[in-house]
>>> print(open('data.txt').read())   # compact mmCIF, C-alpha atoms and all ligand atoms
# COMPACT_ATOMS: atom_id res chain seq x y z
CA MET A 130 -26.53 -126.35 7.19
CA ARG A 131 -27.97 -125.71 10.66
CA ALA A 132 -31.71 -125.90 11.29
CA VAL A 133 -31.63 -123.47 14.22
CA ASN A 134 -29.74 -120.19 14.42
CA GLU A 135 -28.19 -120.09 17.88
CA ASP A 136 -26.13 -116.98 17.07
CA ALA A 137 -27.24 -113.49 18.00
CA LEU A 138 -25.57 -110.12 17.53
CA LEU A 139 -25.73 -106.53 18.64
CA ALA A 140 -24.42 -103.54 16.67
CA TYR A 141 -25.51 -100.45 18.50
CA PRO A 142 -23.02 -97.87 19.80
CA PRO A 143 -21.25 -98.04 22.13
CA VAL A 144 -21.37 -101.84 22.03
CA PHE A 145 -20.86 -104.39 19.25
CA LEU A 146 -20.94 -108.12 19.90
CA VAL A 147 -21.62 -111.61 18.68
CA ALA A 148 -23.03 -114.39 20.90
CA ASP A 149 -22.94 -118.04 19.79
CA GLY A 150 -25.32 -120.13 21.86
CA MET A 151 -24.88 -123.80 22.68
CA GLY A 152 -27.50 -126.27 23.84
CA GLY A 153 -29.88 -126.61 20.91
CA HIS A 154 -33.31 -125.21 20.22
CA ASP A 155 -34.96 -123.30 23.10
CA ALA A 156 -31.64 -123.27 24.97
CA GLY A 157 -28.64 -122.06 22.95
CA ASP A 158 -30.70 -119.57 20.98
CA VAL A 159 -32.24 -118.30 24.24
CA ALA A 160 -28.85 -117.94 25.94
CA SER A 161 -27.37 -115.88 23.09
CA ARG A 162 -30.51 -113.72 22.86
CA LEU A 163 -30.39 -113.01 26.60
CA ALA A 164 -26.80 -111.80 26.21
CA VAL A 165 -27.87 -109.39 23.47
CA GLU A 166 -30.80 -108.14 25.54
CA GLU A 167 -28.59 -107.36 28.53
CA PHE A 168 -25.77 -105.70 26.56
CA ALA A 169 -28.35 -103.71 24.59
CA GLN A 170 -29.08 -101.80 27.78
CA LEU A 171 -25.82 -99.92 27.14
CA ALA A 172 -27.12 -98.70 23.76
CA GLY A 173 -27.15 -94.95 23.40
CA GLN A 174 -24.50 -94.24 26.04
CA PRO A 175 -21.56 -92.23 24.60
CA HIS A 176 -19.20 -94.86 26.00
CA ALA A 177 -19.13 -97.79 28.38
CA THR A 178 -16.89 -98.66 31.32
CA SER A 179 -15.46 -102.06 32.13
CA ASP A 180 -17.82 -102.12 35.13
CA ASP A 181 -20.78 -101.55 32.78
CA VAL A 182 -19.67 -104.41 30.56
CA HIS A 183 -18.93 -106.75 33.44
CA ALA A 184 -22.37 -106.03 34.90
CA CYS A 185 -23.88 -107.13 31.57
CA PHE A 186 -22.01 -110.43 31.82
CA THR A 187 -23.23 -110.94 35.39
CA ARG A 188 -26.86 -110.12 34.55
CA THR A 189 -26.77 -112.37 31.48
CA ALA A 190 -25.52 -115.30 33.58
CA GLU A 191 -28.29 -114.70 36.12
CA ARG A 192 -30.94 -114.62 33.42
CA ILE A 193 -29.60 -117.77 31.77
CA ARG A 194 -29.76 -119.49 35.14
CA GLU A 195 -33.35 -118.34 35.68
CA ALA A 196 -34.59 -119.08 32.19
CA LEU A 197 -32.86 -122.40 31.59
CA ASP A 198 -32.52 -123.82 35.05
CA GLY A 199 -30.73 -127.12 34.93
CA ARG A 200 -30.40 -127.34 31.18
CA PRO A 201 -26.85 -127.66 29.87
CA CYS A 202 -26.47 -124.59 27.73
CA GLY A 203 -24.52 -121.40 27.40
CA THR A 204 -23.23 -118.85 25.01
CA THR A 205 -20.04 -117.25 23.85
CA VAL A 206 -19.92 -113.45 24.03
CA SER A 207 -17.25 -111.54 22.10
CA GLY A 208 -17.19 -107.89 21.20
CA VAL A 209 -16.02 -104.35 21.71
CA ALA A 210 -17.39 -101.40 23.60
CA VAL A 211 -16.26 -97.83 23.01
CA ALA A 212 -14.61 -96.75 26.26
CA GLU A 213 -12.98 -93.57 27.45
CA HIS A 214 -9.92 -93.04 29.59
CA GLU A 215 -8.45 -89.64 30.45
CA GLY A 216 -10.19 -88.02 27.49
CA SER A 217 -9.11 -90.58 24.91
CA SER A 218 -11.22 -93.28 23.28
CA TYR A 219 -10.42 -96.96 23.51
CA TRP A 220 -11.80 -100.22 22.27
CA LEU A 221 -12.73 -102.24 25.32
CA VAL A 222 -12.53 -105.77 23.92
CA PHE A 223 -14.24 -108.55 25.84
CA ASN A 224 -14.45 -112.28 25.31
CA VAL A 225 -15.80 -115.51 26.70
CA GLY A 226 -15.64 -118.55 24.41
CA ASP A 227 -14.46 -118.89 20.83
CA SER A 228 -16.21 -116.13 18.94
CA ARG A 229 -13.58 -113.60 17.98
CA VAL A 230 -12.62 -109.93 17.81
CA TYR A 231 -10.14 -108.87 15.12
CA ARG A 232 -8.66 -105.48 14.41
CA TRP A 233 -7.89 -104.65 10.79
CA VAL A 234 -5.74 -101.59 10.12
CA GLU A 235 -4.00 -100.63 6.91
CA GLY A 236 -4.44 -104.12 5.47
CA HIS A 237 -3.21 -105.97 8.55
CA LEU A 238 -5.59 -108.33 10.31
CA ARG A 239 -4.83 -109.17 13.91
CA GLN A 240 -6.85 -111.36 16.26
CA ILE A 241 -7.26 -109.59 19.59
CA SER A 242 -9.38 -112.04 21.57
CA VAL A 243 -7.91 -115.36 22.66
CA ASP A 244 -10.20 -118.39 22.28
CA HIS A 245 -11.26 -120.29 25.34
CA SER A 246 -10.98 -123.68 23.70
CA VAL A 247 -9.19 -127.00 24.11
CA VAL A 248 -7.51 -126.44 20.75
CA GLN A 249 -6.22 -123.00 21.82
CA GLU A 250 -4.65 -124.63 24.88
CA MET A 251 -2.99 -127.22 22.62
CA LEU A 252 -1.70 -124.41 20.39
CA ASP A 253 -0.38 -122.57 23.45
CA ASN A 254 1.57 -125.56 24.73
CA GLY A 255 2.88 -126.48 21.28
CA ALA A 256 0.93 -129.72 20.87
CA LEU A 257 -0.64 -128.46 17.63
CA ASP A 258 0.18 -126.04 14.86
CA ALA A 259 -2.35 -123.67 13.32
CA GLU A 260 -3.06 -125.95 10.37
CA GLN A 261 -3.73 -128.98 12.60
CA ALA A 262 -5.96 -126.83 14.80
CA ARG A 263 -8.29 -126.03 11.91
CA SER A 264 -9.28 -129.66 11.46
CA HIS A 265 -8.87 -131.00 15.01
CA PRO A 266 -11.91 -133.06 16.13
CA GLU A 267 -12.13 -131.10 19.41
CA ARG A 268 -11.96 -127.68 17.77
CA HIS A 269 -15.46 -126.80 19.00
CA VAL A 270 -14.88 -127.79 22.63
CA LEU A 271 -14.79 -124.72 24.87
CA THR A 272 -12.97 -124.22 28.14
CA ARG A 273 -15.05 -121.19 29.11
CA ALA A 274 -18.53 -119.98 28.23
CA LEU A 275 -21.26 -117.87 29.73
CA GLY A 276 -23.81 -120.29 31.08
CA SER A 277 -25.61 -121.73 34.01
CA GLY A 278 -22.42 -122.92 35.72
CA ALA A 279 -19.64 -120.90 37.29
CA SER A 280 -19.53 -117.08 37.50
CA PRO A 281 -18.69 -115.30 34.26
CA GLU A 282 -14.98 -115.07 33.61
CA PRO A 283 -14.50 -112.80 30.58
CA ASP A 284 -11.12 -111.58 29.38
CA TYR A 285 -10.69 -107.86 28.69
CA TRP A 286 -8.29 -105.77 26.64
CA MET A 287 -8.11 -101.96 26.40
CA ILE A 288 -6.83 -100.81 23.00
CA PRO A 289 -6.37 -97.15 21.99
CA ALA A 290 -8.78 -96.44 19.13
CA GLY A 291 -7.15 -95.20 15.94
CA PRO A 292 -8.82 -93.25 13.12
CA HIS A 293 -8.21 -96.02 10.55
CA ASP A 294 -9.37 -98.91 12.67
CA ARG A 295 -11.83 -101.45 11.40
CA VAL A 296 -12.99 -104.02 13.94
CA LEU A 297 -14.48 -107.39 13.02
CA VAL A 298 -16.50 -109.39 15.53
CA CYS A 299 -17.56 -112.85 14.35
CA SER A 300 -18.76 -116.27 15.40
CA ASP A 301 -16.72 -119.40 14.67
CA GLY A 302 -19.02 -120.09 11.72
CA LEU A 303 -16.95 -117.48 9.86
CA THR A 304 -13.47 -118.49 10.99
CA GLY A 305 -14.29 -122.17 10.48
CA GLU A 306 -14.88 -121.54 6.78
CA LEU A 307 -12.57 -118.66 5.81
CA SER A 308 -8.85 -118.18 6.35
CA ASP A 309 -7.50 -114.99 7.91
CA ALA A 310 -6.12 -114.05 4.48
CA ALA A 311 -9.55 -114.38 2.86
CA ILE A 312 -11.17 -112.36 5.65
CA SER A 313 -8.55 -109.64 5.37
CA GLU A 314 -9.04 -109.43 1.61
CA VAL A 315 -12.78 -108.85 1.97
CA LEU A 316 -12.23 -106.18 4.63
CA GLY A 317 -9.94 -104.41 2.17
CA LEU A 318 -12.34 -104.67 -0.78
CA PHE A 319 -15.47 -103.19 0.76
CA ALA A 320 -15.38 -99.66 2.12
CA ASP A 321 -18.91 -99.91 3.44
CA PRO A 322 -18.98 -101.93 6.70
CA GLN A 323 -22.45 -103.31 5.99
CA GLU A 324 -21.32 -104.62 2.59
CA ALA A 325 -18.16 -106.11 4.11
CA ALA A 326 -20.16 -107.89 6.82
CA GLN A 327 -22.64 -109.30 4.29
CA GLU A 328 -19.92 -110.45 1.91
CA LEU A 329 -18.11 -112.31 4.70
CA VAL A 330 -21.29 -114.18 5.60
CA ARG A 331 -22.02 -114.93 1.95
CA LEU A 332 -18.55 -116.40 1.38
CA ALA A 333 -18.74 -118.52 4.55
CA VAL A 334 -22.11 -119.92 3.50
CA ASP A 335 -20.77 -120.60 -0.01
CA ALA A 336 -17.76 -122.37 1.50
CA GLY A 337 -20.04 -124.88 3.20
CA GLY A 338 -21.91 -123.01 5.89
CA HIS A 339 -21.44 -125.82 8.39
CA ASP A 340 -22.36 -123.54 11.30
CA ASN A 341 -24.33 -120.36 11.90
CA VAL A 342 -22.33 -117.35 10.71
CA SER A 343 -22.50 -113.89 12.28
CA THR A 344 -20.30 -110.88 11.62
CA VAL A 345 -20.18 -107.28 12.82
CA VAL A 346 -17.84 -104.80 11.12
CA VAL A 347 -17.18 -101.54 12.94
CA ASP A 348 -15.46 -98.53 11.42
CA VAL A 349 -14.35 -95.37 13.15
CA ALA A 350 -16.36 -92.30 12.23
CA THR A 351 -14.34 -89.18 12.81
CA ALA A 352 -16.14 -86.20 14.28
CA ASP A 353 -15.49 -82.50 13.85
CA ALA A 354 -13.06 -80.92 16.29
CA GLY A 355 -14.84 -79.64 19.34
CA ASP A 356 -17.69 -82.09 19.03
CA THR A 357 -18.28 -83.23 22.56
CA HIS A 358 -20.03 -86.35 21.29
CA MET A 359 -16.99 -87.57 19.42
CA THR A 360 -16.56 -91.20 20.35
CA VAL A 361 -13.15 -91.80 18.83
CA PRO A 362 -10.63 -89.02 19.33
CA ARG A 363 -7.19 -88.51 17.87
CA ALA A 364 -5.31 -90.28 20.65
CA GLY A 365 -4.86 -93.44 18.62
CA ALA A 366 -3.94 -91.59 15.45
CA GLY A 367 -0.91 -92.92 13.62
CA LEU A 368 -0.85 -96.10 15.62
CA GLY A 369 0.74 -98.53 13.20
CA PRO A 370 0.86 -102.30 13.22
CA GLY A 371 4.27 -102.25 14.91
CA ALA A 372 3.11 -100.21 17.89
CA TRP A 373 0.10 -102.41 18.07
CA ASP A 374 2.15 -105.62 18.37
CA GLU A 375 4.19 -104.18 21.21
CA MET A 376 1.11 -103.17 23.15
CA LEU A 377 -0.72 -106.40 22.55
CA ASP A 378 2.01 -108.66 23.84
CA GLY A 379 1.66 -107.51 27.42
CA ALA A 380 -2.08 -107.34 27.35
CA THR A 381 -3.21 -110.72 26.10
CA VAL A 382 -1.61 -113.19 28.42
CA PRO A 383 -4.46 -115.62 29.05
CA ARG A 384 -5.37 -116.20 32.64
CA ALA A 385 -5.51 -119.64 34.20
CA ARG A 386 -8.27 -121.59 32.56
CA THR A 387 -10.88 -123.89 33.86
CA ARG A 388 -12.75 -126.55 32.00
CA GLU A 389 -15.95 -126.00 33.92
CA ILE A 390 -18.63 -124.45 31.81
MN MN A 401 -20.75 -121.52 16.17
>>> encode(input="data.txt", output="C-alpha cells")
Amino acid sequence: MRAVNEDALLAYPPVFLVADGMGGHDAGDVASRLAVEEFAQLAGQPHATSDDVHACFTRTAERIREALDGRPCGTTVSGVAVAEHEGSSYWLVFNVGDSRVYRWVEGHLRQISVDHSVVQEMLDNGALDAEQARSHPERHVLTRALGSGASPEPDYWMIPAGPHDRVLVCSDGLTGELSDAAISEVLGLFADPQEAAQELVRLAVDAGGHDNVSTVVVDVATADAGDTHMTVPRAGAGLGPGAWDEMLDGATVPRARTREI
C-alpha cells in the first residue's frame, strides 16, 4: 500500500541486513540505501569484526548527515555478520530500530534483536502485553534509529553459529502482518532460503501489505573439513534451543534508552 519503498537490504557474505528508512521520498529511501552501500563494503571478506560493523554504522551516519542535512530522516539497520572468535564462527547480530533478527533452529523461532520502540519499553515495564502491542497506536514510534541526530548506538549480540541455524532478518512490514507462528511455519516449509524469503513477503502483502516488506533468510552452508574458507565451523554444533535460551538471557539486556533520534 506504500507508494515509495523506503526499505533496502543486503545479502552478501559476510553481512546480511535490512534497513527501513523513515522520512519519505528522497529521504528515508536515501538513508536506507546509504546504510546498504556502507555495509556492502564488507562484502567478500571471510568474516567481519565488531569494529568493522561499528565503522559501517559510523560512516552511514556521517553520510546521512552529509546527504540529508537538516532533514528529519533516518533508518533502522538490523542484521547479522559472520564473525570469528578463537577459530569458531559466530553470528554477530546488530540492531538499531525495529527491524528484526530471528534465529530459527529445529522448528523454534526466537527473536534475537530487541526493538528500540516505545511499545517495546511498555512491554518491558509491563504496561502492555504482546497482543496489545500489536495494535498499539504508537507501535511505529522508535526510540533509536540511525539518522542525522546523535551518534549511532547499535546493540550487538555474539551467538555461536550452529550447523542447523536459519536466520531471518526482516523489516516491520513483515512482523506487522504475520504472527511468529506463521513466520515459523513458512521457514519450516521451504528448504530453499530464496523461496522462504519470497513466500514470507508474498504472505505479508496478501495480508494487507500496509508497509514495505523486506526479508533476508540465511542458512548455514557446511564446508568440507580442512577448508580454510569455511565460514561456519562445528563449534555451534548440537546447540539446542535450551542452551540457546540460557545464553541469550545474559546477552540481551537492553541498555539505557534515549528518545532522541
Ligand atoms: Mn517499515
>>> residues_around(input="data.txt", residues="A:Gly203", least_positions_apart="2", cutoff="8 Å", atoms="all atoms listed in the file", output="MDAnalysis selection string")
chainID A and resid 150:152 156:157 160:161 193 201 205 274:277 390
>>> atom_distance(input="data.txt", atom1="atom CA of A:Ala326", atom2="atom CA of A:Ser313")
11.8 Å
>>> closest_atom_pairs(input="data.txt", of="chain A", to="ligand MN 401 (chain A)", cutoff="9 Å", atoms="all atoms listed in the file", output="Markdown table")
| residue | atom | partner | partner_atom | distance |
| --- | --- | --- | --- | --- |
| A:Glu135 | CA | A:MN401 | MN | 7.8 |
| A:Asp136 | CA | A:MN401 | MN | 7.1 |
| A:Ala148 | CA | A:MN401 | MN | 8.9 |
| A:Asp149 | CA | A:MN401 | MN | 5.5 |
| A:Gly150 | CA | A:MN401 | MN | 7.4 |
| A:Met151 | CA | A:MN401 | MN | 8.0 |
| A:Thr205 | CA | A:MN401 | MN | 8.8 |
| A:Asp227 | CA | A:MN401 | MN | 8.3 |
| A:Ser228 | CA | A:MN401 | MN | 7.6 |
| A:His269 | CA | A:MN401 | MN | 8.0 |
| A:Ser300 | CA | A:MN401 | MN | 5.7 |
| A:Asp301 | CA | A:MN401 | MN | 4.8 |
| A:Gly302 | CA | A:MN401 | MN | 5.0 |
| A:Leu303 | CA | A:MN401 | MN | 8.4 |
| A:Gly305 | CA | A:MN401 | MN | 8.6 |
| A:His339 | CA | A:MN401 | MN | 8.9 |
| A:Asp340 | CA | A:MN401 | MN | 5.5 |
| A:Asn341 | CA | A:MN401 | MN | 5.7 |
| A:Val342 | CA | A:MN401 | MN | 7.0 |
| A:Ser343 | CA | A:MN401 | MN | 8.7 |
>>> closest_residue(input="data.txt", among="A:Glu235, A:Glu195, A:Glu250, A:Asp155", to="A:Gly278", atoms="only C-alpha atoms")
A:Glu195
>>> atom_distance(input="data.txt", atom1="atom CA of A:Glu314", atom2="atom CA of A:Ser218")
27.1 Å
>>> closest_residue(input="data.txt", among="A:Val133, A:Ile288, A:Ala184, A:Val230", to="A:Glu213", atoms="only C-alpha atoms")
A:Ile288
>>> atom_distance(input="data.txt", atom1="atom CA of A:Ser179", atom2="atom CA of A:Met287")
9.3 Å
>>> closest_residue(input="data.txt", among="A:Ala212, A:Cys202, A:Leu163, A:Ala137", to="A:Asp181", atoms="only C-alpha atoms")
A:Ala212
>>> residues_around(input="data.txt", residues="A:Leu307", least_positions_apart="3", cutoff="8 Å", atoms="all atoms listed in the file", output="PyMOL selection string")
chain A and resi 303-304+311-312+332-333+336
>>> axis_aligned_box(input="data.txt", around="stretch 243-259 of chain A", padding_each_side="8 Å", output="JSON")
{"center_x": -4.2, "center_y": -122.5, "center_z": 19.3, "size_x": 30.1, "size_y": 30.4, "size_z": 28.0}
>>> closest_residue(input="data.txt", among="A:Asp253, A:Asp284, A:Glu166, A:Asp180", to="A:Gly208", atoms="all atoms listed in the file")
A:Asp284
>>> closest_residue(input="data.txt", among="A:Glu167, A:Asp309, A:Asp348, A:Asp158", to="A:Leu139", atoms="all atoms listed in the file")
A:Glu167
>>> residues_around(input="data.txt", residues="A:Gln327", least_positions_apart="4", cutoff="8 Å", atoms="only C-alpha atoms", output="NGL selection string")
:A and (323 or 331 or 344)
>>> closest_residue(input="data.txt", among="A:Val225, A:Ala259, A:Leu297, A:Val159", to="A:His183", atoms="only C-alpha atoms")
A:Val225
>>> decode(input="data.txt", residues="stretch 233-344 of chain A", atoms="C-alpha atoms", output="CSV table (one decimal), in the first residue's frame")
chain,number,residue,atom,x,y,z
A,233,TRP,CA,15.1,-20.4,13.7
A,234,VAL,CA,16.5,-23.8,14.6
A,235,GLU,CA,14.8,-27.1,14.6
A,236,GLY,CA,11.4,-25.5,14.3
A,237,HIS,CA,11.9,-23.0,17.1
A,238,LEU,CA,11.7,-19.3,16.2
A,239,ARG,CA,13.4,-16.9,18.6
A,240,GLN,CA,13.7,-13.1,18.2
A,241,ILE,CA,17.3,-12.1,19.0
A,242,SER,CA,17.2,-8.3,18.4
A,243,VAL,CA,15.3,-6.1,20.9
A,244,ASP,CA,13.2,-3.4,19.3
A,245,HIS,CA,14.1,0.2,20.0
A,246,SER,CA,10.5,1.3,20.2
A,247,VAL,CA,8.1,3.0,22.7
A,248,VAL,CA,5.9,-0.2,22.6
A,249,GLN,CA,8.9,-2.4,23.5
A,250,GLU,CA,9.6,-0.1,26.5
A,251,MET,CA,5.9,-0.5,27.5
A,252,LEU,CA,6.2,-4.3,27.2
A,253,ASP,CA,9.4,-4.2,29.3
A,254,ASN,CA,7.8,-2.4,32.1
A,255,GLY,CA,4.6,-4.4,32.0
A,256,ALA,CA,2.3,-1.7,30.7
A,257,LEU,CA,1.3,-3.8,27.7
A,258,ASP,CA,1.0,-7.4,26.8
A,259,ALA,CA,2.1,-8.8,23.4
A,260,GLU,CA,-1.4,-8.7,22.0
A,261,GLN,CA,-2.0,-5.1,22.9
A,262,ALA,CA,1.4,-4.2,21.5
A,263,ARG,CA,0.4,-5.4,18.0
A,264,SER,CA,-2.3,-2.9,17.7
A,265,HIS,CA,-1.0,0.0,19.8
A,266,PRO,CA,-1.2,3.4,18.0
A,267,GLU,CA,2.4,4.2,18.9
A,268,ARG,CA,3.8,0.8,17.6
A,269,HIS,CA,5.8,2.5,14.9
A,270,VAL,CA,7.4,5.1,17.2
A,271,LEU,CA,11.1,4.4,17.6
A,272,THR,CA,13.4,5.3,20.5
A,273,ARG,CA,16.6,4.8,18.5
A,274,ALA,CA,17.4,5.0,14.8
A,275,LEU,CA,20.4,5.7,12.6
A,276,GLY,CA,20.0,9.3,11.4
A,277,SER,CA,21.2,12.8,11.4
A,278,GLY,CA,21.0,13.2,15.1
A,279,ALA,CA,23.0,11.6,17.9
A,280,SER,CA,25.9,9.1,17.3
A,281,PRO,CA,24.9,5.6,16.3
A,282,GLU,CA,24.0,3.4,19.2
A,283,PRO,CA,23.5,-0.1,17.9
A,284,ASP,CA,23.1,-3.1,20.1
A,285,TYR,CA,25.2,-6.2,19.5
A,286,TRP,CA,25.0,-9.9,20.3
A,287,MET,CA,27.5,-12.6,19.6
A,288,ILE,CA,25.9,-16.0,19.1
A,289,PRO,CA,27.8,-19.3,18.3
A,290,ALA,CA,26.8,-20.4,14.8
A,291,GLY,CA,25.3,-23.9,14.6
A,292,PRO,CA,25.1,-26.1,11.6
A,293,HIS,CA,21.2,-26.1,11.5
A,294,ASP,CA,20.8,-22.4,12.0
A,295,ARG,CA,18.5,-20.4,9.8
A,296,VAL,CA,18.5,-16.7,10.4
A,297,LEU,CA,15.7,-14.3,9.3
A,298,VAL,CA,16.2,-10.6,9.0
A,299,CYS,CA,13.1,-8.6,8.3
A,300,SER,CA,11.5,-5.1,8.4
A,301,ASP,CA,8.5,-4.4,10.5
A,302,GLY,CA,6.3,-4.7,7.3
A,303,LEU,CA,6.7,-8.5,7.8
A,304,THR,CA,6.1,-8.7,11.6
A,305,GLY,CA,3.2,-6.2,11.4
A,306,GLU,CA,1.3,-8.6,9.1
A,307,LEU,CA,2.4,-12.1,10.2
A,308,SER,CA,2.5,-13.7,13.6
A,309,ASP,CA,5.6,-15.5,14.8
A,310,ALA,CA,3.8,-18.8,14.4
A,311,ALA,CA,3.0,-18.1,10.7
A,312,ILE,CA,6.6,-17.0,10.1
A,313,SER,CA,8.0,-20.1,11.7
A,314,GLU,CA,5.7,-22.3,9.7
A,315,VAL,CA,6.9,-20.8,6.4
A,316,LEU,CA,10.6,-21.2,7.5
A,317,GLY,CA,9.8,-24.9,8.1
A,318,LEU,CA,8.0,-25.4,4.8
A,319,PHE,CA,10.7,-24.1,2.4
A,320,ALA,CA,14.1,-25.7,2.4
A,321,ASP,CA,15.4,-23.1,-0.2
A,322,PRO,CA,16.1,-19.8,1.6
A,323,GLN,CA,15.2,-17.8,-1.5
A,324,GLU,CA,11.8,-19.4,-1.7
A,325,ALA,CA,11.2,-18.9,2.0
A,326,ALA,CA,12.1,-15.2,1.8
A,327,GLN,CA,9.8,-14.7,-1.2
A,328,GLU,CA,6.9,-16.6,0.4
A,329,LEU,CA,7.1,-14.5,3.6
A,330,VAL,CA,6.9,-11.3,1.5
A,331,ARG,CA,4.0,-12.7,-0.5
A,332,LEU,CA,2.0,-13.6,2.6
A,333,ALA,CA,2.6,-10.2,4.2
A,334,VAL,CA,1.5,-8.4,1.0
A,335,ASP,CA,-1.6,-10.7,0.8
A,336,ALA,CA,-2.4,-10.0,4.5
A,337,GLY,CA,-2.7,-6.3,3.7
A,338,GLY,CA,0.8,-5.0,2.8
A,339,HIS,CA,0.4,-1.9,4.9
A,340,ASP,CA,4.1,-1.2,4.9
A,341,ASN,CA,7.1,-2.1,2.8
A,342,VAL,CA,8.2,-5.7,3.4
A,343,SER,CA,11.8,-6.9,3.3
A,344,THR,CA,13.2,-10.3,4.3
